[in-house]
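Peer 1: Here you go, coords-v9.csv (CSV, C-alpha atoms and all ligand atoms):
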```csv
chain,number,residue,atom,x,y,z
A,58,GLN,CA,-112.1,112.2,-83.2
A,59,LYS,CA,-112.7,110.3,-80.0
A,60,LYS,CA,-116.3,109.8,-81.0
A,61,GLU,CA,-115.2,108.4,-84.3
A,62,LEU,CA,-112.9,105.9,-82.5
A,63,PHE,CA,-115.7,104.9,-80.2
A,64,SER,CA,-117.8,104.0,-83.2
A,65,LEU,CA,-115.3,101.3,-84.0
A,66,LYS,CA,-115.9,99.4,-80.7
A,67,GLY,CA,-118.3,96.8,-82.1
A,68,LEU,CA,-116.5,96.4,-85.4
A,69,ALA,CA,-114.1,93.7,-86.5
A,70,ALA,CA,-110.3,94.4,-86.7
A,71,ARG,CA,-110.2,93.4,-90.3
A,72,THR,CA,-108.1,94.7,-93.1
A,73,LYS,CA,-109.7,95.8,-96.4
A,74,ASN,CA,-108.8,92.4,-97.8
A,75,GLY,CA,-110.6,90.6,-95.0
A,76,GLN,CA,-107.6,89.5,-92.9
A,77,THR,CA,-108.6,89.4,-89.3
A,78,ILE,CA,-106.1,90.7,-86.8
A,79,LYS,CA,-106.3,89.7,-83.1
A,80,LEU,CA,-106.4,92.7,-80.8
A,81,LEU,CA,-105.6,91.8,-77.2
A,82,ALA,CA,-105.2,93.9,-74.1
A,83,ASN,CA,-102.3,94.3,-71.7
A,84,ILE,CA,-103.5,94.6,-68.1
A,85,GLY,CA,-101.8,95.1,-64.8
A,86,GLY,CA,-104.6,93.6,-62.7
A,87,PRO,CA,-108.3,92.7,-62.6
A,88,TRP,CA,-109.2,96.4,-62.3
A,89,GLU,CA,-108.3,97.0,-65.9
A,90,LEU,CA,-110.6,94.3,-67.2
A,91,PRO,CA,-113.7,96.5,-67.7
A,92,LYS,CA,-111.8,98.8,-70.0
A,93,ALA,CA,-110.3,95.9,-71.9
A,94,LEU,CA,-113.8,94.4,-72.4
A,95,GLU,CA,-115.4,97.8,-73.2
A,96,TYR,CA,-112.9,98.4,-76.0
A,97,GLY,CA,-113.6,94.9,-77.4
A,98,ALA,CA,-110.3,93.1,-76.7
A,99,ASP,CA,-110.3,89.6,-78.1
A,100,GLY,CA,-108.5,88.4,-75.0
A,101,ILE,CA,-105.7,89.3,-72.7
A,102,GLY,CA,-102.3,89.2,-74.4
A,103,LEU,CA,-100.2,90.2,-71.3
A,104,TYR,CA,-101.3,90.1,-67.7
A,105,ARG,CA,-98.4,91.6,-65.7
A,106,THR,CA,-98.6,89.9,-62.3
A,107,GLU,CA,-96.0,92.1,-60.6
A,108,TYR,CA,-98.7,94.3,-58.9
A,109,LEU,CA,-99.5,91.4,-56.6
A,110,PHE,CA,-96.0,91.7,-55.1
A,111,LEU,CA,-95.7,95.5,-55.1
A,112,ASN,CA,-95.8,97.8,-52.1
A,113,ARG,CA,-96.2,95.2,-49.4
A,114,GLU,CA,-94.2,93.6,-46.7
A,115,THR,CA,-95.2,90.0,-47.2
A,116,LEU,CA,-95.5,87.8,-50.3
A,117,PRO,CA,-99.0,87.1,-51.7
A,118,THR,CA,-100.2,83.6,-50.8
A,119,GLU,CA,-101.2,80.9,-53.2
A,120,GLU,CA,-104.8,81.5,-52.4
A,121,GLU,CA,-104.6,85.3,-53.0
A,122,GLN,CA,-103.0,84.8,-56.3
A,123,PHE,CA,-105.4,82.0,-57.2
A,124,GLN,CA,-108.3,84.4,-56.6
A,125,ALA,CA,-106.8,87.1,-58.8
A,126,TYR,CA,-106.0,84.8,-61.7
A,127,LYS,CA,-109.4,83.1,-61.4
A,128,GLU,CA,-111.2,86.5,-61.5
A,129,VAL,CA,-109.5,87.5,-64.7
A,130,LEU,CA,-110.0,84.1,-66.4
A,131,ALA,CA,-113.6,83.9,-65.4
A,132,LYS,CA,-114.4,87.5,-66.5
A,133,MET,CA,-112.9,86.9,-69.9
A,134,GLU,CA,-115.4,84.1,-70.4
A,135,GLY,CA,-113.3,81.7,-72.4
A,136,LYS,CA,-111.3,84.2,-74.3
A,137,PRO,CA,-107.5,83.6,-74.1
A,138,VAL,CA,-105.7,85.1,-71.2
A,139,VAL,CA,-101.9,85.1,-71.2
A,140,ILE,CA,-100.6,85.4,-67.7
A,141,ARG,CA,-96.9,86.3,-67.4
A,142,THR,CA,-95.1,84.8,-64.4
A,143,ILE,CA,-93.6,87.4,-62.1
A,144,ASP,CA,-91.0,89.7,-63.8
A,145,ILE,CA,-89.1,91.4,-61.1
A,146,GLY,CA,-85.7,93.0,-61.0
A,147,GLY,CA,-84.5,95.7,-63.4
A,148,ASP,CA,-86.9,98.6,-62.9
A,149,LYS,CA,-89.3,96.6,-60.9
A,150,ASN,CA,-88.0,96.3,-57.4
A,151,MET,CA,-90.3,95.0,-54.7
A,152,PRO,CA,-89.8,95.5,-51.0
A,153,ALA,CA,-91.4,92.2,-50.1
A,154,LEU,CA,-88.7,90.4,-51.9
A,155,ASN,CA,-85.6,91.9,-50.2
A,156,LEU,CA,-83.7,92.0,-53.5
A,157,GLU,CA,-79.9,92.5,-53.3
A,158,PRO,CA,-78.7,95.7,-55.0
A,159,GLU,CA,-77.0,95.0,-58.3
A,160,MET,CA,-74.5,97.0,-60.4
A,161,ASN,CA,-76.6,96.4,-63.6
A,162,PRO,CA,-80.1,95.4,-62.5
A,163,PHE,CA,-81.3,95.2,-66.1
A,164,LEU,CA,-78.6,92.6,-66.8
A,165,GLY,CA,-79.0,91.0,-63.5
A,166,CYS,CA,-81.3,88.6,-61.6
A,167,ARG,CA,-84.6,89.6,-63.2
A,168,GLY,CA,-87.6,87.8,-64.7
A,169,ILE,CA,-87.2,84.0,-65.1
A,170,ARG,CA,-83.7,84.2,-63.7
A,171,PHE,CA,-85.1,85.3,-60.4
A,172,CYS,CA,-87.8,82.7,-60.4
A,173,LEU,CA,-85.4,79.8,-61.1
A,174,LYS,CA,-83.3,81.0,-58.2
A,175,ASN,CA,-86.4,81.4,-55.9
A,176,LYS,CA,-88.2,78.2,-56.6
A,177,ALA,CA,-90.6,78.4,-53.7
A,178,LEU,CA,-92.0,81.7,-54.9
A,179,PHE,CA,-92.1,80.4,-58.5
A,180,THR,CA,-93.9,77.2,-57.4
A,181,THR,CA,-96.5,79.1,-55.4
A,182,GLN,CA,-97.3,81.2,-58.4
A,183,LEU,CA,-97.5,78.2,-60.8
A,184,ARG,CA,-99.7,76.4,-58.3
A,185,ALA,CA,-102.1,79.3,-58.3
A,186,LEU,CA,-102.0,79.5,-62.1
A,187,TYR,CA,-102.8,75.9,-62.7
A,188,ARG,CA,-105.5,75.8,-60.1
A,189,ALA,CA,-107.1,78.8,-61.8
A,190,SER,CA,-106.7,77.2,-65.2
A,191,VAL,CA,-110.1,75.5,-65.0
A,192,HIS,CA,-111.8,78.8,-65.0
A,193,GLY,CA,-111.0,80.0,-68.5
A,194,GLN,CA,-108.5,79.8,-71.3
A,195,LEU,CA,-105.2,80.2,-69.6
A,196,LYS,CA,-101.8,80.5,-71.3
A,197,ILE,CA,-98.6,80.8,-69.2
A,198,MET,CA,-95.8,83.1,-70.4
A,199,PHE,CA,-92.3,83.3,-69.0
A,200,PRO,CA,-90.4,86.7,-69.1
A,201,MET,CA,-86.8,87.4,-69.9
A,202,ILE,CA,-86.0,84.1,-71.4
A,203,SER,CA,-82.6,84.1,-73.0
A,204,SER,CA,-81.8,80.5,-73.7
A,205,LEU,CA,-83.5,77.1,-74.3
A,206,GLU,CA,-82.0,75.8,-71.1
A,207,GLU,CA,-83.9,78.4,-69.1
A,208,PHE,CA,-87.1,77.7,-70.9
A,209,ARG,CA,-86.7,74.0,-70.2
A,210,ALA,CA,-85.9,74.5,-66.6
A,211,ALA,CA,-89.1,76.7,-66.2
A,212,VAL,CA,-91.2,74.1,-68.0
A,213,LYS,CA,-89.9,71.4,-65.7
A,214,CYS,CA,-91.1,73.4,-62.7
A,215,ALA,CA,-94.5,73.9,-64.3
A,216,GLU,CA,-94.8,70.2,-65.1
A,217,GLU,CA,-93.9,69.2,-61.6
A,218,VAL,CA,-96.4,71.6,-60.1
A,219,ARG,CA,-99.1,70.3,-62.4
A,220,ALA,CA,-98.4,66.7,-61.5
A,221,GLU,CA,-98.4,67.6,-57.8
A,222,LEU,CA,-101.7,69.3,-58.0
A,223,ILE,CA,-103.3,66.4,-59.8
A,224,ALA,CA,-101.9,64.0,-57.2
A,225,GLU,CA,-103.5,66.2,-54.5
A,226,GLY,CA,-106.8,65.8,-56.2
A,227,HIS,CA,-107.1,69.3,-57.7
A,228,SER,CA,-108.6,69.7,-61.1
A,229,VAL,CA,-106.3,71.3,-63.7
A,230,SER,CA,-107.0,72.2,-67.3
A,231,GLY,CA,-105.8,69.5,-69.7
A,232,ARG,CA,-104.3,72.1,-72.1
A,233,VAL,CA,-102.4,75.1,-70.8
A,234,PRO,CA,-100.1,76.4,-73.6
A,235,ILE,CA,-96.7,77.7,-72.4
A,236,GLY,CA,-94.9,80.4,-74.2
A,237,ILE,CA,-92.2,83.0,-73.8
A,238,MET,CA,-91.6,86.7,-74.1
A,239,VAL,CA,-89.1,87.4,-76.8
A,240,GLU,CA,-87.4,90.5,-75.3
A,241,VAL,CA,-83.7,89.5,-75.2
A,242,PRO,CA,-81.8,89.5,-78.5
A,243,SER,CA,-80.4,86.0,-77.9
A,244,ALA,CA,-83.9,84.6,-77.7
A,245,ALA,CA,-85.0,86.5,-80.8
A,246,ILE,CA,-82.0,85.2,-82.8
A,247,ILE,CA,-82.9,81.6,-82.0
A,248,THR,CA,-86.6,81.8,-82.5
A,249,ASP,CA,-86.4,78.9,-84.9
A,250,LEU,CA,-85.1,76.7,-82.1
A,251,PHE,CA,-87.7,78.0,-79.6
A,252,ALA,CA,-90.4,77.3,-82.2
A,253,LYS,CA,-89.7,73.6,-81.8
A,254,GLU,CA,-90.5,73.7,-78.0
A,255,VAL,CA,-92.8,76.6,-77.1
A,256,ASP,CA,-96.5,76.9,-77.9
A,257,PHE,CA,-96.2,80.7,-78.6
A,258,VAL,CA,-94.0,83.7,-78.5
A,259,SER,CA,-94.8,87.3,-77.7
A,260,ILE,CA,-92.4,90.1,-78.7
A,261,GLY,CA,-91.6,92.4,-75.8
A,262,THR,CA,-90.3,95.4,-77.7
A,263,ASN,CA,-89.8,97.6,-74.6
A,264,ASP,CA,-86.9,95.4,-73.4
A,265,LEU,CA,-86.0,94.1,-76.9
A,266,ILE,CA,-85.2,97.7,-77.8
A,267,GLN,CA,-83.1,98.4,-74.7
A,268,TYR,CA,-81.1,95.2,-75.0
A,269,THR,CA,-80.6,95.5,-78.8
A,270,LEU,CA,-79.4,99.1,-78.7
A,271,ALA,CA,-77.7,98.9,-75.3
A,272,VAL,CA,-79.9,101.8,-74.1
A,273,ASP,CA,-81.3,101.7,-70.6
A,274,ARG,CA,-85.0,102.3,-71.0
A,275,MET,CA,-85.2,104.3,-67.8
A,276,ASN,CA,-82.2,106.6,-68.4
A,277,LYS,CA,-83.4,110.1,-69.5
A,278,GLN,CA,-80.0,111.2,-70.6
A,279,ILE,CA,-80.1,108.7,-73.5
A,280,SER,CA,-83.8,108.5,-74.2
A,281,HIS,CA,-83.2,110.0,-77.6
A,282,LEU,CA,-81.3,106.8,-78.5
A,283,TYR,CA,-84.1,104.5,-77.4
A,284,SER,CA,-85.7,104.1,-80.8
A,285,PRO,CA,-88.3,101.6,-82.0
A,286,PHE,CA,-87.4,102.9,-85.5
A,287,HIS,CA,-83.8,101.6,-85.4
A,288,PRO,CA,-83.3,99.2,-88.4
A,289,ALA,CA,-81.7,96.6,-86.1
A,290,VAL,CA,-84.8,96.5,-84.0
A,291,LEU,CA,-87.0,96.1,-87.1
A,292,ARG,CA,-84.7,93.4,-88.5
A,293,LEU,CA,-85.0,91.4,-85.3
A,294,ILE,CA,-88.7,91.7,-85.2
A,295,LYS,CA,-88.9,90.5,-88.8
A,296,LEU,CA,-86.7,87.5,-87.9
A,297,VAL,CA,-88.9,86.6,-85.0
A,298,ILE,CA,-92.1,86.8,-87.0
A,299,ASP,CA,-90.6,84.9,-90.0
A,300,GLN,CA,-89.2,82.1,-87.8
A,301,ALA,CA,-92.3,81.7,-85.7
A,302,ARG,CA,-94.5,81.5,-88.8
A,303,LYS,CA,-92.1,79.0,-90.4
A,304,GLY,CA,-92.2,76.9,-87.2
A,305,ARG,CA,-96.0,77.2,-87.1
A,306,ILE,CA,-96.3,78.7,-83.7
A,307,GLU,CA,-98.4,81.7,-82.7
A,308,VAL,CA,-96.5,85.0,-82.6
A,309,SER,CA,-97.8,88.2,-81.0
A,310,MET,CA,-96.4,91.5,-79.8
A,311,CYS,CA,-97.0,93.0,-76.4
A,312,GLY,CA,-94.5,95.8,-76.1
A,313,GLU,CA,-95.4,99.5,-76.6
A,314,MET,CA,-94.8,99.2,-80.4
A,315,ALA,CA,-97.9,97.0,-80.7
A,316,GLY,CA,-100.1,99.9,-79.5
A,317,ASP,CA,-98.5,102.6,-81.5
A,318,PRO,CA,-100.6,103.2,-84.7
A,319,ARG,CA,-97.5,104.4,-86.6
A,320,PHE,CA,-96.3,100.7,-86.7
A,321,THR,CA,-99.6,98.9,-87.4
A,322,SER,CA,-99.3,98.7,-91.2
A,323,LEU,CA,-95.6,97.9,-91.0
A,324,LEU,CA,-96.1,95.0,-88.5
A,325,ILE,CA,-99.0,93.6,-90.5
A,326,GLY,CA,-96.8,93.8,-93.6
A,327,LEU,CA,-94.2,91.8,-91.8
A,328,GLY,CA,-96.8,89.1,-91.1
A,329,LEU,CA,-97.9,89.9,-87.5
A,330,GLU,CA,-101.5,88.9,-86.9
A,331,SER,CA,-101.8,89.4,-83.1
A,332,PHE,CA,-101.2,92.6,-81.2
A,333,SER,CA,-101.5,93.2,-77.4
A,334,MET,CA,-101.6,96.7,-76.0
A,335,SER,CA,-102.9,99.0,-73.3
A,336,PRO,CA,-106.8,98.9,-73.6
A,337,SER,CA,-106.8,102.7,-74.4
A,338,ALA,CA,-104.8,102.1,-77.6
A,339,LEU,CA,-107.0,99.3,-79.1
A,340,LEU,CA,-109.4,101.6,-81.1
A,341,ALA,CA,-106.7,103.7,-82.7
A,342,VAL,CA,-104.9,100.6,-83.9
A,343,LYS,CA,-108.2,99.1,-85.1
A,344,LYS,CA,-108.8,102.2,-87.1
A,345,GLN,CA,-105.4,101.7,-88.9
A,346,ILE,CA,-106.2,98.0,-89.6
A,347,ARG,CA,-109.7,98.8,-91.1
A,348,ALA,CA,-108.2,101.3,-93.5
A,349,LEU,CA,-105.4,99.0,-94.6
A,350,LYS,CA,-104.9,97.1,-97.8
A,351,ASN,CA,-102.6,94.1,-97.3
A,352,SER,CA,-100.7,95.0,-100.5
A,353,THR,CA,-100.0,98.4,-99.1
A,354,ALA,CA,-98.7,96.9,-95.8
A,355,LYS,CA,-96.4,94.5,-97.7
A,356,ALA,CA,-95.0,97.3,-99.9
A,357,LEU,CA,-94.5,99.5,-96.8
A,358,ALA,CA,-92.6,96.7,-95.0
A,359,LYS,CA,-90.4,96.2,-98.0
A,360,LYS,CA,-89.7,99.9,-98.3
A,361,VAL,CA,-89.0,100.4,-94.6
A,362,LEU,CA,-86.6,97.4,-94.4
A,363,ALA,CA,-84.5,98.9,-97.2
A,364,LEU,CA,-83.9,102.1,-95.2
A,365,SER,CA,-80.7,102.6,-93.2
A,366,THR,CA,-81.4,105.0,-90.3
A,367,ALA,CA,-84.0,105.4,-87.6
A,368,GLU,CA,-84.7,108.9,-88.8
A,369,GLN,CA,-85.5,107.8,-92.4
A,370,ILE,CA,-87.7,105.0,-91.0
A,371,ARG,CA,-89.5,107.4,-88.7
A,372,ALA,CA,-90.2,109.8,-91.5
A,373,ALA,CA,-91.5,107.0,-93.8
A,374,LEU,CA,-93.9,105.7,-91.1
A,375,GLU,CA,-95.1,109.1,-89.9
A,376,ASP,CA,-95.7,110.3,-93.4
A,377,LYS,CA,-97.7,107.2,-94.1
A,378,GLU,CA,-99.8,107.6,-91.0
A,379,GLU,CA,-100.7,111.2,-91.8
A,380,ARG,CA,-101.9,110.3,-95.3
A,381,SER,CA,-104.1,107.5,-93.9
A,382,ASP,CA,-105.9,110.0,-91.6
B,1,LIG,C1,-91.6,94.4,-72.9
B,1,LIG,O1,-90.5,94.4,-72.4
B,1,LIG,O2,-91.9,94.8,-74.0
B,1,LIG,C2,-92.8,94.1,-72.1
B,1,LIG,C3,-94.0,94.0,-72.6
B,1,LIG,O3,-92.6,93.8,-70.7
B,1,LIG,P1,-92.4,95.0,-69.6
B,1,LIG,O4,-92.7,96.3,-70.3
B,1,LIG,O5,-93.3,94.6,-68.5
B,1,LIG,O6,-91.0,94.8,-69.3
B,2,MG,MG,-90.1,93.3,-70.6
```
Can you present the structure in this file as structure tokens?

Peer 2:
Amino acid sequence: QKKELFSLKGLAARTKNGQTIKLLANIGGPWELPKALEYGADGIGLYRTEYLFLNRETLPTEEEQFQAYKEVLAKMEGKPVVIRTIDIGGDKNMPALNLEPEMNPFLGCRGIRFCLKNKALFTTQLRALYRASVHGQLKIMFPMISSLEEFRAAVKCAEEVRAELIAEGHSVSGRVPIGIMVEVPSAAIITDLFAKEVDFVSIGTNDLIQYTLAVDRMNKQISHLYSPFHPAVLRLIKLVIDQARKGRIEVSMCGEMAGDPRFTSLLIGLGLESFSMSPSALLAVKKQIRALKNSTAKALAKKVLALSTAEQIRAALEDKEERSD
């Protein structure tokens, strides 16, 4: 079966009707690039930059970050690379940052909230990103955005950094799209408003599930409640895709659901055209895509959205996956 998957490497991610789906890779650092390239990723849909800050006493310098971002951009040779600004807090604590303990870290000072409170750290990362922007096709993505005000404040920082670099004589790419992770329900619900201001959105289902269902993604006691099949999760995903398409902005998905072949047909049926996942999942998802008729995907989406429980939805999707094998 592995051999069969490997035979898909050079083939297009195209449905039976000829619709091309973008398959991007999630990476945690430059060391995952060879695998992403080997499995034929069309680009990087999520570069988690947290690793630069992990397990160390001091913060990474602008130069160190610049080198890492430049390496990824250069090695992707002009393919799009979405680099997410640091997403710390919650489950991702970092000794170098001396974070204060919080009662509810997942609802606390994490992601963009942390960056907006620690401007020097944020600015250093943004400087490194914009300096690296001339080495490839960079897109910047902010995590944990929950309101327009937050997005605007982050963009203001980015614009200031950009102007400062230009004033210093650095060269900076003329066009660096800025987008957001949609992983907080409040952001999902106002996707139509975001669509007027952002260049793209990427659905982060790992957090979107935890915040929609009020189920801590790390808590083993309640892991049975953490379900991507919950109808509320699917309705939110549909809302984000619909509103992003209506607002004519690019929409992608970079949470675990994107790399789970049980959801491939459903998501395409809902109108998703771009998926980002761990490189090792790319071929199994491509296999689903190549076997898919768009009319079947549409019908599946309609059927699944009419179901009322996670169990019914799981059964419908798993049954469908078995039959396509
Ligand atoms: C997500 O929340 O779906 C996501 C991709 O981000 P992370 O897993 O890094 O929180
Ligand atoms: Mg997340």

Peer 1: Hey, which residues sit close to ligand LIG 1 (chain B)? Say within 6 Å, counting only C-alpha atoms and all ligand atoms, and write them as a PyMOL selection string.

Peer 2: chain A and resi 240+261-264+311-312

Peer 1: Check the smallest atom-to-atom distance from each of A:Leu178, A:Val239, A:Ala210, A:Val191 to ligand MG 2 (chain B) using all atoms listed in the file, then report the winner.

Peer 2: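 Distance minimum relative to ligand MG 2 (chain B) lands on A:Val239.
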
Peer 1: If you measure from atom CA of A:Leu173 to atom CA of A:Ile84, what distance in Å do you get, rounded to one decimal?

Peer 2: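 Atom CA of A:Ile84 lies 24.4 Å from atom CA of A:Leu173.
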
Peer 1: Could you work out how far atom CA of A:Gly100 lies from atom CA of A:Lys132, giving the answer in Å with one decimal?

Peer 2: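 Atom CA of A:Gly100 lies at a distance of 10.4 Å from atom CA of A:Lys132.
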
Peer 1: Contacts of A:Arg347 at 7 Å or less, counting all atoms listed in the file, minus same-chain residues fewer than 4 places along, as a JSON list (two decimals) with C-alpha atoms, in the frame of the given file?

Peer 2:
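After the write, part_28.json holds the following:
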```
[["chain", "number", "residue", "atom", "x", "y", "z"],
["A", 70, "ALA", "CA", -110.30, 94.40, -86.70],
["A", 71, "ARG", "CA", -110.20, 93.40, -90.30],
["A", 72, "THR", "CA", -108.10, 94.70, -93.10],
["A", 73, "LYS", "CA", -109.70, 95.80, -96.40],
["A", 343, "LYS", "CA", -108.20, 99.10, -85.10]]
```

Peer 1: Give me, please, the distance in Å between atom CA of A:Lys136 and atom CA of A:Leu90, quoted to one decimal.

Peer 2: 12.4 Å

Peer 1: Taking (-89.5, 79.2, -82.2) in the file's own coordinates, collect the residues within 10 Å, counting only C-alpha atoms, and hand them back as an MDAnalysis selection string.

Peer 2: chainID A and resid 236:237 239 244:258 297:308

Peer 1: Counting all atoms listed in the file, what is within 12 Å of A:Phe332, bar same-chain residues fewer than 2 positions away, as a ChimeraX atom specification?

Peer 2: /A:70,77-83,98-103,258-262,307-318,320-322,324-325,328-330,334-336,338-339,342-343,346

Peer 1: Go through A:Pro200, A:Gly75, A:Pro162, A:Pro242 and flag the residue nearest A:Arg274, using only C-alpha atoms for the distances.

Peer 2: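 Checking each of A:Pro200, A:Gly75, A:Pro162, A:Pro242 against A:Arg274, counting only C-alpha atoms, the winner is A:Pro162.
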
Peer 1: Quick one: of A:Lys277, A:Arg319, A:Lys92, A:Lys344, who's nearest to A:Ala372, counting all atoms listed in the file?

Peer 2: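 For A:Ala372, the nearest of the given residues is A:Arg319.
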
Peer 1: A:Ala211, A:Leu265, A:Ile140, A:Val229: which is nearest ligand MG 2 (chain B), counting all atoms listed in the file?

Peer 2: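 Comparing A:Ala211, A:Leu265, A:Ile140, A:Val229 against ligand MG 2 (chain B), the winner is A:Leu265.
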
Peer 1: Could you tell me which of A:Gln122, A:Thr115, A:Asn155, A:Ser243 comes closest to A:Leu296 if we count all atoms listed in the file?

Peer 2: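 Closest to A:Leu296, using all atoms listed in the file: A:Ser243.
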
Peer 1: Calculated over all atoms listed in the file, which of the candidates A:Ala363, A:Leu94, A:Leu270, A:Ile145 has the smallest distance to ligand MG 2 (chain B)?

Peer 2: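 Ranked by minimum distance to ligand MG 2 (chain B), first place goes to A:Ile145.
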
Peer 1: Hey, what's within 7 Å of stretch 58-67 of chain A if we count all atoms listed in the file and toss same-chain stuff fewer than 4 positions away? As a ChimeraX atom specification, please?

Peer 2: /A:96-97,340-341
